[in-house]
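Peer 1: Just dropping this structure here.
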Amino acid sequence: MNNKQFEACQKQVNLSYSPYSNYKVAAAVLLKDGSIITGMNIENASYPLSICAERVALFRTYASGYKKDDIVSLMVYSNRTDSYPYPCGACRQVMSELMDLESDVIVVNESKKEDVLKVKDLLPFAFTKENL
Ligand code: THU
């Protein structure tokens with residue numbers, strides 16, 4: 001596990017805006033240049049408008065001028081010790097678009113046990129630009 005990426009998640013999770021679920025998630029994109037771009041879940045009183053930590057981190061990455069070839073991995077973190085923040089279907093679709101299918105998604109919680117999956121394994125048969 002990359003400690004810098006884990007610590008970035010531990011810090012960012014404090015900014016989670018999750019008054020409805022009280023489920024706090026953070027995500028951190030590790031880039032090939034060594035920098036880290038974080039995100040956290042941001043909820044809304046109109047529940048479906050809420051956004052997951054993973055998409056905030058990936059959108060911030062692209063908004064900062066980086067592309068999929070710049071990304072090493074995406075870490076998804078929950079500060080719980082009893083459950084893991086496996087990414088939702090919407091986030092898996094966004095990962096399939098914005099990340100290399102061979103790159104790693106690291107699912108981790110405060111107990112520091114991790115599960116490492118490739119984007120292609122999180123969403124087999126993804127709908128991609130090749131389908132258009
Ligand atoms: N959530 C994430 O941010 N990422 C995940 O991987 C799982 C779920 C958020 C969405 C919502 O704000 C809260 O967790 C409960 O579903």
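Each chain of the structure tokens is named A, B, ... in the order shown, its residues numbered from 1; ligands are numbered from 1 in display order.
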Determine, using only C-alpha atoms and all ligand atoms, which residues of chain A have any atom at most 8 Å from an atom of ligand 1, and tabulate each with its shortest atom pair and distance in Å to one decimal place, rows ordered by chain and then rising number, as CSV.

Peer 2:
residue,atom,partner,partner_atom_place_in_ligand_line,distance
A:Tyr17,CA,ligand 1,12 (O),7.8
A:Ser18,CA,ligand 1,12 (O),5.7
A:Tyr20,CA,ligand 1,12 (O),7.8
A:Ser21,CA,ligand 1,15 (C),5.3
A:Asn22,CA,ligand 1,13 (C),7.3
A:Tyr23,CA,ligand 1,13 (C),5.1
A:Lys24,CA,ligand 1,14 (O),6.1
A:Val25,CA,ligand 1,3 (O),4.9
A:Ala26,CA,ligand 1,3 (O),6.8
A:Met40,CA,ligand 1,3 (O),6.3
A:Asn41,CA,ligand 1,3 (O),4.3
A:Ile42,CA,ligand 1,12 (O),6.0
A:Glu43,CA,ligand 1,12 (O),5.3
A:Ser50,CA,ligand 1,12 (O),6.0
A:Ile51,CA,ligand 1,10 (C),6.2
A:Cys52,CA,ligand 1,3 (O),3.2
A:Ala53,CA,ligand 1,3 (O),4.0
A:Glu54,CA,ligand 1,4 (N),6.1
A:Val76,CA,ligand 1,6 (O),6.6
A:Tyr77,CA,ligand 1,6 (O),7.9
A:Pro85,CA,ligand 1,6 (O),4.3
A:Tyr86,CA,ligand 1,6 (O),4.8
A:Pro87,CA,ligand 1,6 (O),3.6
A:Cys88,CA,ligand 1,6 (O),5.5
A:Cys91,CA,ligand 1,6 (O),7.6

Peer 1: Show which residues sit within 9 Å of Ala57 (chain A), as a PyMOL selection string. Count only C-alpha atoms, and ignore same-chain residues fewer than 2 positions away.

Peer 2: chain A and resi 26-29+37-40+52-55+59-62+74

Peer 1: Residues of the last selection are to be written out with all heavy atoms, as a short mmCIF file (atom, residue, chain, number, x, y, z; two decimals), in the first residue's frame.

Peer 2:
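Produced file part_27.cif, reproduced below:
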data_model
loop_
_atom_site.label_atom_id
_atom_site.label_comp_id
_atom_site.auth_asym_id
_atom_site.auth_seq_id
_atom_site.Cartn_x
_atom_site.Cartn_y
_atom_site.Cartn_z
N ALA A 26 -13.52 8.54 1.02
CA ALA A 26 -12.52 9.39 0.34
C ALA A 26 -11.88 8.57 -0.77
O ALA A 26 -11.90 7.33 -0.74
CB ALA A 26 -11.46 9.88 1.31
N ALA A 27 -11.32 9.25 -1.74
CA ALA A 27 -10.61 8.58 -2.83
C ALA A 27 -9.37 9.40 -3.14
O ALA A 27 -9.34 10.62 -2.93
CB ALA A 27 -11.50 8.46 -4.06
N ALA A 28 -8.34 8.71 -3.64
CA ALA A 28 -7.11 9.41 -3.99
C ALA A 28 -6.51 8.79 -5.24
O ALA A 28 -6.25 7.58 -5.29
CB ALA A 28 -6.11 9.34 -2.83
N VAL A 29 -6.31 9.64 -6.24
CA VAL A 29 -5.65 9.22 -7.48
C VAL A 29 -4.15 9.45 -7.31
O VAL A 29 -3.73 10.56 -6.97
CB VAL A 29 -6.17 10.05 -8.68
CG1 VAL A 29 -5.39 9.74 -9.95
CG2 VAL A 29 -7.66 9.78 -8.90
N ILE A 37 -4.28 13.34 -6.14
CA ILE A 37 -5.47 14.19 -6.21
C ILE A 37 -6.61 13.46 -5.52
O ILE A 37 -6.92 12.30 -5.85
CB ILE A 37 -5.81 14.54 -7.67
CG1 ILE A 37 -4.67 15.37 -8.27
CG2 ILE A 37 -7.14 15.30 -7.74
CD1 ILE A 37 -4.88 15.86 -9.68
N THR A 38 -7.22 14.14 -4.55
CA THR A 38 -8.21 13.48 -3.70
C THR A 38 -9.64 13.92 -4.01
O THR A 38 -9.88 14.93 -4.66
CB THR A 38 -7.92 13.81 -2.22
OG1 THR A 38 -7.88 15.23 -2.08
CG2 THR A 38 -6.62 13.21 -1.76
N GLY A 39 -10.57 13.16 -3.47
CA GLY A 39 -11.98 13.52 -3.53
C GLY A 39 -12.70 12.87 -2.37
O GLY A 39 -12.14 12.01 -1.68
N MET A 40 -13.92 13.31 -2.10
CA MET A 40 -14.75 12.68 -1.05
C MET A 40 -16.19 12.76 -1.49
O MET A 40 -16.52 13.51 -2.41
CB MET A 40 -14.53 13.40 0.30
CG MET A 40 -15.14 14.75 0.40
SD MET A 40 -14.57 15.96 -0.81
CE MET A 40 -15.54 17.37 -0.26
N CYS A 52 -20.17 10.37 -5.57
CA CYS A 52 -19.23 9.53 -4.83
C CYS A 52 -17.81 10.12 -4.85
O CYS A 52 -17.43 10.84 -5.78
CB CYS A 52 -19.16 8.15 -5.43
SG CYS A 52 -20.69 7.22 -5.38
N ALA A 53 -17.05 9.72 -3.87
CA ALA A 53 -15.66 10.16 -3.73
C ALA A 53 -14.82 9.85 -4.97
O ALA A 53 -13.99 10.66 -5.41
CB ALA A 53 -15.05 9.47 -2.52
N GLU A 54 -15.04 8.68 -5.55
CA GLU A 54 -14.23 8.24 -6.70
C GLU A 54 -14.39 9.21 -7.88
O GLU A 54 -13.42 9.56 -8.55
CB GLU A 54 -14.67 6.85 -7.17
CG GLU A 54 -14.43 5.75 -6.18
CD GLU A 54 -15.63 5.49 -5.27
OE1 GLU A 54 -16.24 6.47 -4.77
OE2 GLU A 54 -15.95 4.32 -5.05
N ARG A 55 -15.65 9.58 -8.15
CA ARG A 55 -15.87 10.46 -9.29
C ARG A 55 -15.33 11.87 -9.02
O ARG A 55 -14.78 12.51 -9.91
CB ARG A 55 -17.35 10.50 -9.66
CG ARG A 55 -17.71 9.35 -10.60
CD ARG A 55 -19.18 9.30 -10.89
NE ARG A 55 -19.91 8.74 -9.77
CZ ARG A 55 -21.19 8.93 -9.53
NH1 ARG A 55 -21.89 9.72 -10.31
NH2 ARG A 55 -21.78 8.36 -8.48
N PHE A 59 -12.68 13.33 -11.57
CA PHE A 59 -13.02 14.57 -12.28
C PHE A 59 -12.02 15.68 -11.93
O PHE A 59 -11.62 16.47 -12.78
CB PHE A 59 -14.45 15.01 -11.97
CG PHE A 59 -15.53 14.07 -12.49
CD1 PHE A 59 -16.81 14.11 -11.96
CD2 PHE A 59 -15.27 13.14 -13.49
CE1 PHE A 59 -17.82 13.26 -12.44
CE2 PHE A 59 -16.27 12.27 -13.97
CZ PHE A 59 -17.54 12.33 -13.44
N ARG A 60 -11.62 15.71 -10.69
CA ARG A 60 -10.60 16.71 -10.31
C ARG A 60 -9.29 16.44 -11.05
O ARG A 60 -8.57 17.37 -11.42
CB ARG A 60 -10.31 16.67 -8.80
CG ARG A 60 -11.39 17.32 -7.96
CD ARG A 60 -10.98 17.33 -6.50
NE ARG A 60 -10.08 18.43 -6.15
CZ ARG A 60 -9.41 18.50 -5.02
NH1 ARG A 60 -9.49 17.53 -4.12
NH2 ARG A 60 -8.64 19.53 -4.77
N THR A 61 -8.97 15.17 -11.23
CA THR A 61 -7.75 14.79 -11.94
C THR A 61 -7.78 15.33 -13.37
O THR A 61 -6.82 15.96 -13.83
CB THR A 61 -7.59 13.25 -11.93
OG1 THR A 61 -7.51 12.82 -10.57
CG2 THR A 61 -6.34 12.81 -12.68
N TYR A 62 -8.88 15.09 -14.06
CA TYR A 62 -9.00 15.58 -15.44
C TYR A 62 -9.08 17.11 -15.47
O TYR A 62 -8.52 17.74 -16.38
CB TYR A 62 -10.20 14.93 -16.14
CG TYR A 62 -9.84 13.61 -16.80
CD1 TYR A 62 -9.45 12.52 -16.04
CD2 TYR A 62 -9.87 13.48 -18.18
CE1 TYR A 62 -9.10 11.31 -16.63
CE2 TYR A 62 -9.52 12.27 -18.79
CZ TYR A 62 -9.14 11.19 -18.02
OH TYR A 62 -8.78 10.01 -18.61
N LEU A 74 -6.12 4.27 -8.30
CA LEU A 74 -7.14 5.01 -7.54
C LEU A 74 -7.40 4.25 -6.26
O LEU A 74 -7.72 3.05 -6.28
CB LEU A 74 -8.44 5.09 -8.37
CG LEU A 74 -9.69 5.61 -7.66
CD1 LEU A 74 -9.54 7.08 -7.28
CD2 LEU A 74 -10.91 5.45 -8.54
#

Peer 1: Of the candidates A:Gly34, A:Ala90, A:Tyr84, A:Glu130, which one gets nearest to Val116 (chain A) if we count only C-alpha atoms?

Peer 2: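 The shortest atom-to-atom distance to Val116 (chain A) comes from A:Tyr84.
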
Peer 1: Based on the backbone DSSP call, show me all residues of chain A assigned alpha helix (DSSP H), as a PyMOL selection string.

Peer 2: chain A and resi 3-12+53-63+89-98+119-122

Peer 1: Applying 8 Å and only C-alpha atoms, which residues near Ala8 (chain A) remain after dropping the ones on its own chain fewer than 3 positions away? List them as a list in words.

Peer 2: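 Everything that qualifies: Lys4, Gln5, Lys11, Gln12, Ala28, Ile36 and Thr38 of chain A.
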
Peer 1: Of the residues A:Val13, A:Leu30, A:Ser46, A:Lys129, which is the one nearest to Val105 (chain A), using only C-alpha atoms?

Peer 2: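 Nearest candidate to Val105 (chain A) out of A:Val13, A:Leu30, A:Ser46, A:Lys129: A:Leu30.
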
Peer 1: Using only C-alpha atoms, which residue out of A:Leu31, A:Val94, A:Leu101, A:Val107 lies closest to Ile71 (chain A)?

Peer 2: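 Checking each candidate against Ile71 (chain A), we get A:Leu31 as the closest.
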
Peer 1: How many Å lie between CA of Leu122 (chain A) and CA of Asp104 (chain A), rounded to one decimal?

Peer 2: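 We find that CA of Leu122 (chain A) and CA of Asp104 (chain A) lie 9.9 Å from each other.
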
Peer 1: Which is closer to Gln10 (chain A) than all the others in A:Asp100, A:Asp70, A:Glu110, A:Asp33, using only C-alpha atoms?

Peer 2: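 Among A:Asp100, A:Asp70, A:Glu110, A:Asp33, it is A:Glu110 that comes nearest to Gln10 (chain A).
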
Peer 1: Please measure the separation of CA of Asn109 (chain A) and CA of Arg80 (chain A), giving the value in Å to one decimal.

Peer 2: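 These two atoms are separated by 6.0 Å.
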
Peer 1: Quick one: pull the distance between CA of Lys118 (chain A) and CA of Ser103 (chain A), Å, one decimal.

Peer 2: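 Atom-to-atom, CA of Lys118 (chain A) to CA of Ser103 (chain A), that is 5.5 Å.
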
Peer 1: Quick check for you: according to DSSP on this backbone, which residues of chain A are classed as strand (DSSP E)? Reply as an NGL selection string.

Peer 2: :A and (25-31 or 36-40 or 71-78 or 104-109 or 114-118)
